[in-house]
Each structure stands twice: as C-alpha cells, then as structure tokens.
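Enquirer: Data file target09.cif (mmCIF, C-alpha atoms) is appended below.
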```cif
data_protein
loop_
_atom_site.label_atom_id
_atom_site.label_comp_id
_atom_site.auth_asym_id
_atom_site.auth_seq_id
_atom_site.Cartn_x
_atom_site.Cartn_y
_atom_site.Cartn_z
CA MET A 1 117.48 176.30 86.42
CA PRO A 2 115.55 173.40 84.88
CA SER A 3 112.41 174.18 82.93
CA ARG A 4 110.37 172.95 85.89
CA GLU A 5 110.69 171.11 89.20
CA LEU A 6 109.33 167.59 89.52
CA PRO A 7 107.87 166.16 92.74
CA TYR A 8 110.43 163.33 92.77
CA PRO A 9 114.23 163.14 92.48
CA LEU A 10 115.87 162.62 89.08
CA PHE A 11 118.51 159.91 88.71
CA ASP A 12 119.98 160.23 85.23
CA ALA A 13 121.29 156.96 83.80
CA ASP A 14 123.38 158.62 81.11
CA ASN A 15 125.69 161.58 81.73
CA HIS A 16 129.16 161.99 80.25
CA LEU A 17 132.45 163.54 81.20
CA TYR A 18 135.05 164.80 78.74
CA GLU A 19 138.54 163.46 79.40
CA THR A 20 141.77 165.45 79.38
CA GLU A 21 144.73 164.36 77.27
CA GLU A 22 146.33 162.60 80.23
CA ALA A 23 143.32 160.35 80.91
CA LEU A 24 144.64 157.47 78.82
CA THR A 25 148.36 158.19 79.24
CA LYS A 26 149.18 159.36 82.76
CA TYR A 27 149.15 155.92 84.36
CA LEU A 28 150.18 153.76 81.42
CA PRO A 29 152.95 151.30 82.32
CA GLU A 30 156.30 152.02 80.68
CA LYS A 31 155.81 149.02 78.39
CA TYR A 32 152.79 150.67 76.77
CA LYS A 33 153.81 154.34 76.85
CA GLY A 34 153.61 154.61 73.08
CA ALA A 35 150.21 152.97 72.73
CA ILE A 36 148.29 156.25 73.02
CA LYS A 37 149.61 159.54 71.64
CA TYR A 38 148.19 162.92 70.75
CA VAL A 39 149.55 164.19 67.46
CA GLN A 40 149.15 167.26 65.28
CA VAL A 41 147.53 166.83 61.87
CA ASP A 42 147.05 169.95 59.75
CA GLY A 43 147.00 172.10 62.86
CA ARG A 44 144.47 169.93 64.71
CA THR A 45 145.10 167.55 67.60
CA LYS A 46 144.23 163.93 66.94
CA ILE A 47 144.56 160.76 68.96
CA ALA A 48 146.79 158.01 67.63
CA VAL A 49 146.31 154.46 68.85
CA ARG A 50 149.33 152.24 68.24
CA GLY A 51 150.53 154.62 65.55
CA HIS A 52 147.20 154.84 63.74
CA ILE A 53 145.35 158.17 63.79
CA SER A 54 141.74 157.71 64.81
CA GLU A 55 138.84 159.84 63.59
CA PHE A 56 136.36 158.03 65.84
CA ILE A 57 136.14 161.19 67.94
CA PRO A 58 137.09 164.13 65.68
CA ASN A 59 138.21 166.39 68.56
CA PRO A 60 139.66 164.13 71.28
CA THR A 61 140.93 167.05 73.38
CA PHE A 62 137.33 168.22 73.95
CA GLU A 63 138.59 171.80 74.26
CA VAL A 64 135.75 172.77 71.92
CA VAL A 65 132.59 170.64 71.93
CA ALA A 66 129.12 170.59 70.44
CA ARG A 67 126.47 172.24 72.56
CA PRO A 68 124.36 169.94 74.73
CA GLY A 69 121.23 168.92 72.90
CA ALA A 70 122.36 170.42 69.59
CA MET A 71 120.71 167.57 67.69
CA GLU A 72 117.31 167.62 69.42
CA ASP A 73 115.48 168.96 66.36
CA TYR A 74 117.24 166.41 64.17
CA PHE A 75 115.90 163.55 66.28
CA ARG A 76 112.50 165.15 66.76
CA VAL A 77 111.63 166.03 63.15
CA GLY A 78 114.42 164.52 61.07
CA ASN A 79 116.33 166.48 58.46
CA PRO A 80 113.81 167.47 55.77
CA GLU A 81 115.98 170.38 54.60
CA GLY A 82 118.99 168.14 54.05
CA LYS A 83 121.27 170.14 56.33
CA SER A 84 124.93 169.20 56.62
CA ARG A 85 126.20 167.67 59.83
CA ARG A 86 127.96 170.95 60.61
CA GLU A 87 124.69 172.86 60.16
CA ILE A 88 122.85 170.37 62.39
CA PHE A 89 125.41 170.69 65.17
CA GLY A 90 125.43 174.47 64.97
CA LYS A 91 127.95 176.71 66.68
CA PRO A 92 130.23 174.82 69.10
CA MET A 93 131.21 175.96 72.59
CA LYS A 94 134.36 175.90 74.66
CA SER A 95 134.46 173.09 77.17
CA ILE A 96 133.60 174.22 80.69
CA PRO A 97 134.88 172.93 84.06
CA ALA A 98 131.60 171.09 84.67
CA PHE A 99 132.44 168.78 81.76
CA ARG A 100 135.87 168.02 83.25
CA GLU A 101 135.57 167.97 87.05
CA PRO A 102 133.06 166.63 89.60
CA ALA A 103 132.65 169.68 91.87
CA PRO A 104 131.51 172.09 89.13
CA ARG A 105 129.51 169.27 87.57
CA LEU A 106 127.60 168.90 90.82
CA GLU A 107 126.77 172.61 90.70
CA LEU A 108 125.53 172.20 87.12
CA MET A 109 123.45 169.18 88.14
CA ASN A 110 121.81 171.35 90.79
CA GLU A 111 120.98 173.92 88.12
CA LEU A 112 119.57 171.21 85.83
CA GLY A 113 117.53 169.59 88.58
CA ILE A 114 119.43 166.27 88.53
CA ALA A 115 119.83 164.65 91.94
CA GLN A 116 122.10 161.76 90.93
CA THR A 117 123.67 160.38 87.77
CA LEU A 118 125.77 157.64 86.26
CA MET A 119 128.81 159.33 84.70
CA PHE A 120 130.39 157.69 81.66
CA PRO A 121 133.75 158.44 80.08
CA THR A 122 133.67 159.42 76.41
CA LEU A 123 137.03 158.25 75.01
CA ALA A 124 136.74 154.80 76.56
CA SER A 125 134.64 153.52 73.68
CA LEU A 126 137.56 153.53 71.25
CA ILE A 127 140.04 151.46 73.29
CA GLU A 128 139.12 147.80 72.98
CA GLU A 129 138.33 147.64 69.28
CA ARG A 130 141.65 149.23 68.29
CA MET A 131 143.61 146.84 70.50
CA ARG A 132 141.60 143.67 69.98
CA ASP A 133 144.66 141.70 68.82
CA ASP A 134 146.56 142.53 72.02
CA PRO A 135 144.39 141.67 75.06
CA GLU A 136 147.23 142.34 77.51
CA MET A 137 147.42 145.90 76.23
CA ILE A 138 143.67 146.34 76.57
CA HIS A 139 143.80 145.46 80.26
CA ALA A 140 146.75 147.81 80.83
CA VAL A 141 145.14 150.79 79.07
CA VAL A 142 141.77 150.20 80.74
CA HIS A 143 143.37 150.12 84.17
CA ALA A 144 145.29 153.31 83.40
CA LEU A 145 142.03 155.03 82.46
CA ASN A 146 140.35 153.75 85.62
CA GLN A 147 143.20 155.11 87.74
CA TRP A 148 142.71 158.53 86.15
CA LEU A 149 138.93 158.37 86.64
CA LEU A 150 139.40 157.53 90.30
CA GLU A 151 141.90 160.34 90.84
CA THR A 152 139.93 162.98 88.93
CA TRP A 153 136.28 162.07 89.48
CA SER A 154 136.26 159.26 92.06
CA PHE A 155 133.81 156.42 91.47
CA ASN A 156 131.32 157.81 93.98
CA TYR A 157 131.29 161.57 94.38
CA GLN A 158 129.15 162.59 97.37
CA ASP A 159 126.67 159.78 96.63
CA ARG A 160 125.47 161.78 93.64
CA ILE A 161 127.89 161.17 90.77
CA PHE A 162 128.60 157.50 90.15
CA THR A 163 131.42 157.35 87.61
CA THR A 164 131.58 154.02 85.78
CA PRO A 165 135.03 152.44 85.52
CA VAL A 166 135.64 150.20 82.53
CA ILE A 167 136.03 146.45 82.86
CA SER A 168 137.51 144.52 79.96
CA LEU A 169 137.10 140.75 79.86
CA PRO A 170 139.79 139.08 77.66
CA PHE A 171 141.46 137.47 80.69
CA VAL A 172 138.89 136.54 83.32
CA ASP A 173 141.36 136.62 86.21
CA LYS A 174 142.45 140.15 85.28
CA ALA A 175 138.82 141.23 84.90
CA ILE A 176 138.03 139.95 88.40
CA GLU A 177 141.13 141.70 89.77
CA GLU A 178 140.02 144.98 88.16
CA LEU A 179 136.46 144.50 89.40
CA ASP A 180 137.62 143.93 92.96
CA TRP A 181 139.87 147.01 92.75
CA VAL A 182 137.18 149.39 91.46
CA VAL A 183 134.62 148.14 94.00
CA ALA A 184 137.16 148.56 96.80
CA ASN A 185 137.52 152.15 95.62
CA GLY A 186 133.80 152.88 95.72
CA ALA A 187 132.41 151.83 92.32
CA ARG A 188 128.68 151.09 92.30
CA ALA A 189 128.40 150.56 88.54
CA ILE A 190 130.81 149.28 85.90
CA LEU A 191 131.00 149.72 82.13
CA ILE A 192 131.36 146.73 79.80
CA ARG A 193 131.50 146.97 76.02
CA PRO A 194 128.57 145.23 74.29
CA ALA A 195 130.69 143.22 71.89
CA PRO A 196 132.44 139.87 71.52
CA VAL A 197 135.34 139.67 73.95
CA PRO A 198 138.77 139.83 72.27
CA GLY A 199 140.98 136.82 72.83
CA VAL A 200 144.45 135.54 72.07
CA ARG A 201 143.11 133.20 69.38
CA HIS A 202 139.57 134.38 68.71
CA SER A 203 136.75 136.46 70.13
CA ARG A 204 133.86 134.93 72.07
CA SER A 205 130.62 135.70 73.87
CA PHE A 206 130.73 137.01 77.43
CA GLY A 207 127.66 134.87 78.09
CA LEU A 208 129.64 131.63 77.88
CA PRO A 209 130.49 129.62 81.03
CA GLU A 210 134.12 130.70 80.67
CA PHE A 211 133.07 134.04 82.18
CA ASP A 212 131.00 132.62 85.02
CA PRO A 213 133.65 133.37 87.68
CA PHE A 214 133.46 137.04 86.68
CA TRP A 215 129.66 137.22 86.71
CA GLU A 216 129.62 135.40 90.03
CA ARG A 217 131.90 138.10 91.43
CA VAL A 218 129.70 140.84 89.98
CA VAL A 219 126.70 139.36 91.80
CA HIS A 220 128.77 139.05 94.98
CA HIS A 221 129.58 142.77 94.86
CA GLY A 222 126.05 143.75 93.85
CA VAL A 223 127.28 146.25 91.26
CA LEU A 224 125.25 147.39 88.28
CA VAL A 225 126.61 146.40 84.85
CA ALA A 226 126.16 149.10 82.20
CA LEU A 227 126.24 148.13 78.54
CA HIS A 228 126.72 151.53 76.91
CA SER A 229 126.89 152.11 73.16
CA SER A 230 130.46 151.84 71.95
CA ASP A 231 132.59 150.81 69.01
CA SER A 232 131.60 147.14 69.08
CA GLY A 233 133.58 146.28 65.96
CA TYR A 234 130.61 146.04 63.62
CA SER A 235 132.17 148.54 61.21
CA ARG A 236 134.04 145.52 59.85
CA TYR A 237 130.74 144.16 58.57
CA VAL A 238 129.83 147.52 57.06
CA ALA A 239 133.22 147.48 55.35
CA ASP A 240 132.52 144.06 53.85
CA TRP A 241 129.26 145.32 52.34
CA MET A 242 130.57 148.68 51.18
CA GLY A 243 133.98 147.66 49.90
CA VAL A 244 135.88 149.98 52.20
CA ASP A 245 138.29 149.53 55.08
CA GLN A 246 137.75 152.16 57.75
CA GLU A 247 137.08 152.48 61.44
CA MET A 248 133.71 153.29 62.93
CA LEU A 249 132.91 156.98 62.37
CA PRO A 250 129.83 157.69 64.50
CA PHE A 251 129.57 161.33 63.48
CA VAL A 252 129.71 160.65 59.74
CA PRO A 253 126.25 159.85 58.32
CA ASN A 254 126.01 156.36 56.81
CA ALA A 255 122.57 155.14 55.78
CA PHE A 256 123.62 151.50 55.46
CA ARG A 257 125.14 151.44 58.92
CA GLY A 258 121.95 152.99 60.27
CA VAL A 259 119.93 149.96 59.12
CA PHE A 260 121.59 147.74 61.72
CA GLU A 261 122.81 150.39 64.14
CA TRP A 262 121.41 148.53 67.14
CA ARG A 263 122.58 145.08 66.09
CA PRO A 264 125.55 145.11 68.53
CA ILE A 265 123.36 145.57 71.61
CA GLN A 266 120.75 143.14 70.32
CA ASP A 267 123.48 140.53 69.84
CA ALA A 268 125.00 141.29 73.25
CA VAL A 269 121.71 140.78 75.10
CA ALA A 270 120.93 137.72 72.97
CA ALA A 271 124.33 136.26 73.91
CA LEU A 272 123.65 136.75 77.62
CA ALA A 273 120.34 134.92 77.19
CA CYS A 274 121.25 132.20 74.70
CA HIS A 275 124.58 131.38 76.32
CA GLY A 276 122.93 131.31 79.72
CA ALA A 277 124.73 133.91 81.83
CA ILE A 278 121.57 135.69 82.99
CA SER A 279 119.99 132.35 83.82
CA ARG A 280 122.96 130.96 85.72
CA PHE A 281 123.17 134.29 87.57
CA PRO A 282 119.57 135.48 87.90
CA ASP A 283 120.57 138.28 90.28
CA LEU A 284 122.65 140.11 87.66
CA LYS A 285 121.62 143.75 87.24
CA ILE A 286 122.29 144.96 83.70
CA ALA A 287 121.43 148.40 82.33
CA VAL A 288 121.47 149.02 78.58
CA ILE A 289 122.40 152.67 78.06
CA GLU A 290 122.29 154.88 74.97
CA ASN A 291 121.19 152.06 72.70
CA GLY A 292 117.56 153.03 72.27
CA SER A 293 114.78 150.48 72.52
CA VAL A 294 113.54 149.75 68.99
CA TRP A 295 115.43 146.45 69.02
CA VAL A 296 113.77 145.11 72.19
CA GLY A 297 110.48 143.88 70.72
CA PRO A 298 112.06 142.07 67.74
CA LEU A 299 114.62 140.40 70.02
CA LEU A 300 111.99 139.18 72.48
CA ASP A 301 109.92 137.84 69.56
CA GLN A 302 112.94 136.00 68.17
CA LEU A 303 113.84 134.52 71.55
CA ALA A 304 110.27 133.37 72.10
CA SER A 305 110.21 131.70 68.70
CA ILE A 306 113.54 129.94 69.23
CA TYR A 307 112.56 128.79 72.72
CA LYS A 308 109.34 127.33 71.35
CA LYS A 309 111.34 125.23 68.89
CA MET A 310 114.41 124.46 71.03
CA PRO A 311 113.51 124.60 74.74
CA ASP A 312 116.30 122.14 75.50
CA ALA A 313 118.84 124.77 74.37
CA PHE A 314 117.99 127.01 77.32
CA ILE A 315 118.13 126.81 81.11
CA GLU A 316 114.85 128.71 81.27
CA ASP A 317 112.58 130.78 79.07
CA PRO A 318 115.01 133.41 77.68
CA VAL A 319 112.27 136.05 77.52
CA VAL A 320 111.73 135.63 81.25
CA ALA A 321 115.48 135.92 81.83
CA VAL A 322 115.77 139.12 79.79
CA LYS A 323 112.79 140.74 81.47
CA ARG A 324 114.23 139.91 84.89
CA CYS A 325 117.82 141.08 84.44
CA ILE A 326 117.86 143.68 81.68
CA HIS A 327 116.96 147.32 82.28
CA ILE A 328 116.82 149.77 79.41
CA SER A 329 117.34 153.51 79.10
CA PRO A 330 115.44 154.39 75.90
CA PHE A 331 116.01 157.45 73.82
CA TRP A 332 113.61 160.28 74.61
CA GLU A 333 112.11 159.94 71.13
CA ASP A 334 111.28 156.23 71.65
CA ASP A 335 107.83 154.93 72.58
CA MET A 336 108.14 154.74 76.37
CA GLY A 337 104.71 153.27 76.97
CA LYS A 338 105.34 150.47 74.50
CA LEU A 339 108.66 149.66 76.13
CA ALA A 340 107.08 149.65 79.60
CA ASP A 341 104.46 147.20 78.34
CA LEU A 342 107.19 144.95 76.90
CA ILE A 343 109.57 144.68 79.85
CA GLY A 344 107.73 146.27 82.78
CA VAL A 345 107.86 149.88 83.87
CA GLU A 346 110.28 148.97 86.67
CA ARG A 347 112.90 148.12 84.00
CA VAL A 348 112.80 151.50 82.20
CA LEU A 349 115.45 154.13 83.03
CA PHE A 350 115.65 157.85 82.26
CA GLY A 351 118.87 158.87 80.52
CA SER A 352 119.57 162.28 78.98
CA ASP A 353 123.03 161.70 77.39
CA TYR A 354 124.03 165.12 78.76
CA PRO A 355 126.11 167.01 77.57
CA HIS A 356 126.41 165.21 74.25
CA PRO A 357 124.76 166.84 71.24
CA GLU A 358 122.53 163.78 70.72
CA GLY A 359 121.05 164.22 74.18
CA LEU A 360 118.84 166.76 75.91
CA ALA A 361 119.93 170.31 76.74
CA ASP A 362 117.38 170.35 79.58
CA PRO A 363 117.30 166.76 80.91
CA VAL A 364 114.10 167.24 82.94
CA THR A 365 112.15 167.57 79.66
CA TYR A 366 112.53 163.80 79.23
CA VAL A 367 109.43 163.53 81.43
CA ASP A 368 107.41 165.23 78.68
CA GLU A 369 107.80 162.09 76.57
CA LEU A 370 106.22 159.83 79.22
CA ASN A 371 102.75 160.41 77.88
CA GLY A 372 99.96 158.23 79.25
CA LEU A 373 101.96 157.04 82.24
CA SER A 374 100.88 157.63 85.81
CA GLU A 375 102.81 159.94 88.12
CA GLU A 376 103.91 156.88 90.08
CA HIS A 377 105.35 155.28 86.96
CA LYS A 378 106.98 158.54 85.88
CA ALA A 379 108.69 158.72 89.27
CA LEU A 380 110.05 155.19 88.77
CA ILE A 381 111.41 155.90 85.31
CA MET A 382 112.85 159.32 86.15
CA GLY A 383 114.83 158.06 89.11
CA GLY A 384 113.26 155.44 91.34
CA ASN A 385 114.27 152.44 89.28
CA LEU A 386 117.94 153.39 89.01
CA ALA A 387 118.09 154.38 92.68
CA ARG A 388 116.91 150.87 93.54
CA LEU A 389 119.53 149.27 91.30
CA ILE A 390 122.41 151.32 92.70
CA SER A 391 121.45 150.93 96.36
CA ALA A 392 120.62 147.23 96.28
#
```
Before anything else, please render the file you have as structure tokens.

Expert:
Amino acid sequence: MPSRELPYPLFDADNHLYETEEALTKYLPEKYKGAIKYVQVDGRTKIAVRGHISEFIPNPTFEVVARPGAMEDYFRVGNPEGKSRREIFGKPMKSIPAFREPAPRLELMNELGIAQTLMFPTLASLIEERMRDDPEMIHAVVHALNQWLLETWSFNYQDRIFTTPVISLPFVDKAIEELDWVVANGARAILIRPAPVPGVRHSRSFGLPEFDPFWERVVHHGVLVALHSSDSGYSRYVADWMGVDQEMLPFVPNAFRGVFEWRPIQDAVAALACHGAISRFPDLKIAVIENGSVWVGPLLDQLASIYKKMPDAFIEDPVVAVKRCIHISPFWEDDMGKLADLIGVERVLFGSDYPHPEGLADPVTYVDELNGLSEEHKALIMGGNLARLISA
C-alpha cells in the first residue's frame, strides 16, 4: 500500500516498462533483421546495434534491475561519503511481471495508489542516435518496437495505462503514417526524442516549417507529445571537449557532462519556440518528462532578451508560446513552487520515474515536496493537469 491515501486521483506522468529481448526484433522487416542483436560478452548479455555493442544500458535484458528509488538518498543529500555507483544503487532485484506486463502492473499501481500513468519504454532511447545515418532504418526499427508495444501493452490499457509509442521524424510522410497508425490503435500520447532530427544529408530542427504537416496532424488527433530524456546525441560534444570517442553512458558519472546535462531539452524547447512550431500550432500539447526544471528559468530569460532585441524574428512573444504549450514534469527534488510561478501551476505535472532507481520507490511521496501549495494546486499537479491533457 502507498504511504498514505490522497483525496484526489494520481496520474503519474512518468512510469517505465522493461522490454523483453524480442521488443526490438520480433517485428523487424527481413531487410533489417541484423540491425539489433543480443550477444554474449564475458558471460553477460549485451545489445549490439548494427554490429556495435552498446553500453548505454548495461543490462538490456532487464532480468535483474536496480530497485525502484534506489538513488533517492543520492538525490536528496548528494554523495558526501564518495560512494561508488554500485554502492549507491545497492542490492539489485530480479525483474517482476509488473515491470513486463500491463495486468500485473495495474495491480502494482493499485498497491502504490496510482490511478493512471503514462508508460514509457526504456530501450527506445538508444535507437535513433545509433542509426542517425540511416533514417530509413530508424523508421523501420521504431515501427517494429511500436508493434511490440501494441501487442504486449496496448497503447491504452483499461483507460489507466497509456503506453507511449515512439514517433521518429526523419521522413515527414512516414512520421504522419506512423502517427495515424498509433492513434488508430488507441494511442493518447506519443514519444518524440528531444534532439535534432536525423536526415539524409544533415540533421535539422523539428520546429522548422518542414515539419508543419506532422504537427498539424498531431493537433488534428489531439494527442499529447512527450519529450522524454533520451540519448540526444550530445555525447559527441562531450567527446570533443574530453578527447574521447564514446557513446552516451548515463550510468557512468561524468562531472563535465553534468554541467550541461539539460542542454538537449533546453535546445529542443528553444527550437520549437524560435523556429515557430508552437506559434503556428498554438494548440499543441507538449509534456517535458524526466528532464527536471532547472533549465526553465534561464531559457525563458534568454527568450525574453532575444525577443526584446529581435521581435521581427518571431511570430509572437516566445515566452508566451512556451508558457501556453509546454508542460513540465519536474524532478521531486526541484523547487515546485518556483516552477509553478514561472509557467503556471496548470503546466506542472507529477512524475515518479517508477520503477527506475532515479525515481521514487513510493510515488505518492512526491506530494511531500509540494510545500506551500494549496490542496487545489496539489490536486492539479498530482493528476488533474495530466488528466486534462489526455482527455482533451
């Protein structure tokens, strides 16, 4: 049972499932059968993407996982004792059916006091960056994953678990086709990587007019767009500074990377504002998930300054556009009151990141961080805001 019952329903903006080994392979077209493989390295199973072994997720089978909320103390008080990452994570656990299937997950949600949730895949975040030079392959692998998600979880399980299929944008016509397919199969929210969109010749911003037909279709369907933390390709910039050539390793501490950890989401939201997408489509509903909120104030200040100097570069005040379209699920350790003052309490979303170790073992305790807010505002953040976005 949760630590306590709240007088309003909880709608968690950030839950995760753990994929099985067939999630990325079962529905791959014959042409791409070798793109994703599971291989043995020194007695451990690793995932190989196009022949390259990835350490992005150290245990991609998820047979053994870190305990939910294992890093709560780390985020609450830091690491004054200088513990190793293994010591911080503590003893792992065997994966349970609730991490793999919707029916047992629903039972676990009942125990945790969660009424509804967005459900994000975990392996999806490694796909696009490792295939960025082959956009056709990206679309094929993403669709294969979405087929598995639909078969295993569905995109809307009993109006309580809303699994987010992935939409990749390299070819706009294919993105629209995928969008139409997932919506026809019940999707109420979609997952888009906050990063430049790979292309045949070069990458580009998804805020540019080239993508307007896609955003127009998103508005037509009324689906929520989730920008969840991912491998956005910024490890290439870390590599330039550090003189190394390696993929993003999110579970390996890197102080330099931590300095600009939220730069990808800041750039993604800035692109939507500066390149006009959220002004040309003011009814877009965008939720920023698992990216914290420390970047919000600096970005709004920068946009205000630029708009003051170059108003002709914008369709409208970009700060107004961001505050209208962008909703944010802050980390529990962020300053919730400050964020509510910045963007409006109706734009703040509760997200526990369950069952990841960085999240909360008892999601309902998120409410304990909403100090100084009224019960009405707590009810909005803990579920009312996201319920409105999903139902609209």

Enquirer: Ser168 (chain A): which residues within 12 Å, counting all atoms listed in the file, same-chain residues fewer than 2 positions away excluded, as a PyMOL selection string?

Expert: chain A and resi 124-125+127-129+131-132+135-143+145-146+165-166+170-179+190-199+206+211+214+227

Enquirer: If we draw a sphere of 10 Å around (114.8, 140.9, 78.8), which residues have at least one atom in it when counting only C-alpha atoms? Please report them as a PyMOL selection string.

Expert: chain A and resi 269-270+272-273+278+286+296-297+299-300+303+318-328+342-344+347

Enquirer: Which distance in Å separates CA of Arg188 (chain A) and CA of Gln116 (chain A), to one decimal?

Expert: 12.6 Å

Enquirer: Applied to the shown file, which residues does the PyMOL selection byres ((chain A and resi 75) around 12) return, written as a ChimeraX atom specification?

Expert: /A:69-74,76-80,88-89,331-334,357-360

Enquirer: I'd like the interatomic distance between CA of Ala268 (chain A) and CA of Phe120 (chain A), to a tenth of an Å.

Expert: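 Between CA of Ala268 (chain A) and CA of Phe120 (chain A) the gap is 19.2 Å.
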
Enquirer: So that I can check the surroundings of Arg263 (chain A), please list as a list of chain:residue names every protein, DNA and RNA residue that reaches within 9 Å of it, counting only C-alpha atoms and ignoring chain neighbours fewer than 4 positions away.

Expert: A:Tyr234, A:Val259, A:Asp267, A:Ala268, A:Trp295

Enquirer: Name the residues within 12 Å of (132.5, 174.4, 78.1), counting only C-alpha atoms in the file's coordinates, and put them as a ChimeraX atom specification.

Expert: /A:17-18,62-68,92-101,104-105,108,355-356

Enquirer: Residues picked by the PyMOL selection byres ((chain A and resi 112) around 12) here, as a ChimeraX atom specification?

Expert: /A:1-6,9-12,105-111,113-117,352,354-355,360-365

Enquirer: Would you mind listing what lies within 8 Å of Cys274 (chain A) as a ChimeraX atom specification, with all atoms listed in the file counted and same-chain residues fewer than 5 positions away left out?

Expert: /A:207,313-314,318

Enquirer: Write a file of the selected residues as a PDB file, keeping the file's coordinate frame, keeping C-alpha atoms.

Expert:
```
ATOM      1  CA  GLY A 207     127.660 134.870  78.090  1.00  0.00           C
ATOM      2  CA  ALA A 313     118.840 124.770  74.370  1.00  0.00           C
ATOM      3  CA  PHE A 314     117.990 127.010  77.320  1.00  0.00           C
ATOM      4  CA  PRO A 318     115.010 133.410  77.680  1.00  0.00           C
TER       5      PRO A 318
END
```

Enquirer: Using all atoms listed in the file, pick whichever of A:Asp335, A:His275, A:Tyr237, A:Lys285 has the shortest atom-to-atom distance to His220 (chain A).

Expert: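 Smallest separation from His220 (chain A) among the options: A:Lys285.
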
Enquirer: Quick one: contact table of region 114-206 of chain A to region 52-61 of chain A, 10 Å max, nearest atom pair and distance in Å to one decimal per residue, counting only C-alpha atoms, chain and number order, as CSV?

Expert:
```
residue,atom,partner,partner_atom,distance
A:Thr122,CA,A:Ile57,CA,9.0
A:Leu123,CA,A:Pro60,CA,7.4
A:Ser125,CA,A:Phe56,CA,9.2
A:Leu126,CA,A:Phe56,CA,7.1
A:Arg130,CA,A:His52,CA,9.1
```

Enquirer: Could you state which residues are captured by the PyMOL selection byres ((chain A and resi 25-35) around 8) in this file, as a PyMOL selection string?

Expert: chain A and resi 21-24+36-37+48-51+137+140-141+144-145+147-148

Enquirer: If I take CA of Asp301 (chain A) and CA of Glu210 (chain A), how far is one from the other in Å, to one decimal?

Expert: 27.6 Å

Enquirer: Rank nothing, just name the residue among A:His221, A:Lys338, A:His16, A:His377 nearest to Val294 (chain A), using only C-alpha atoms.

Expert: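 Among A:His221, A:Lys338, A:His16, A:His377, it is A:Lys338 that comes nearest to Val294 (chain A).
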